[in-house]
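Chemist: Supplied in structure tokens, the structure appears directly below.
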Amino acid sequence: MVNEETKAKALGRLRRIEGQVQGLQRMIDGEAYCVDILLQISAVQGALEQVEKLLLGRHIESCVADAVRSGSKGERQQKIDELLDKTREVSSQAERKKLYSELIRILQDELPMLYTVHPIEPKAFSPRVQGYEPIPDGMMRFKDVWLK
């Protein structure tokens, strides 16, 4: 959901873009120099990217964060998938990094801690090793171990 501040900013920028597009139409109708038209098109694209960043930032702050907080696995996964899809569409590596960083921040803030352990458990497979019994507690007990 777009809040009033974001809505006002986005609409203001879109009105300026609308004016730029109308100017482009006049340039084409008036047979302006191609390079000048292309420069204006580039400016419009840049302005649209700024609107996209504004709305995407708001989406991350509200929709994605709310979905993560809600505990609804389906909704949370849908929002995370939407955000990941967006990162695949972004051509700027800096923008992609920003999106991934924001997603990681949200997940770290909202999800419970999960500790994973991968203990190293020594195994003895040789028939020469006698008295060795592995115990999966991470401790190595070799007191009664010998080689035959």
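FYI, nothing fancy with the structure tokens labels: chains A, B, ... in order, residues from 1 per chain, ligands from 1 as they appear.
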Applying 10 Å and only C-alpha atoms, which residues near Gly23 in chain A remain after dropping the ones on its own chain fewer than 5 positions away? List them as a PDB file with C-alpha atoms, in the first residue's frame.
Modeler:
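What follows is the written file result26.pdb:
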```
ATOM      1  CA  ILE A  17       7.263  13.003 -16.924  1.00  0.00           C
ATOM      2  CA  GLU A  18       3.914  13.532 -18.622  1.00  0.00           C
ATOM      3  CA  ILE A  28       8.807  14.634 -33.216  1.00  0.00           C
ATOM      4  CA  ASP A  29       5.926  16.559 -34.787  1.00  0.00           C
ATOM      5  CA  ILE A  37      14.857  13.536 -29.259  1.00  0.00           C
ATOM      6  CA  GLN A  40      14.922  13.595 -24.104  1.00  0.00           C
TER       7      GLN A  40
END
```
Chemist: Mind checking which residues fall within 10 Å of range 41-49 of chain A, counting only C-alpha atoms, ignoring those fewer than 6 positions away in the same chain, and posting them as a PyMOL selection string?
Modeler: chain A and resi 10+13-14+16-21+24+35+55
Chemist: Rank nothing, just name the residue among A:Ser70, A:Glu61, A:Lys53, A:Arg105 nearest to Thr87 in chain A, using only C-alpha atoms.
Modeler: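 Ranking A:Ser70, A:Glu61, A:Lys53, A:Arg105 by distance to Thr87 in chain A, first place goes to A:Lys53.
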Chemist: What's the separation between CA of Arg58 in chain A and CA of Val2 in chain A, in Å to one decimal place?
Modeler: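 We find that CA of Arg58 in chain A and CA of Val2 in chain A lie 6.8 Å from each other.
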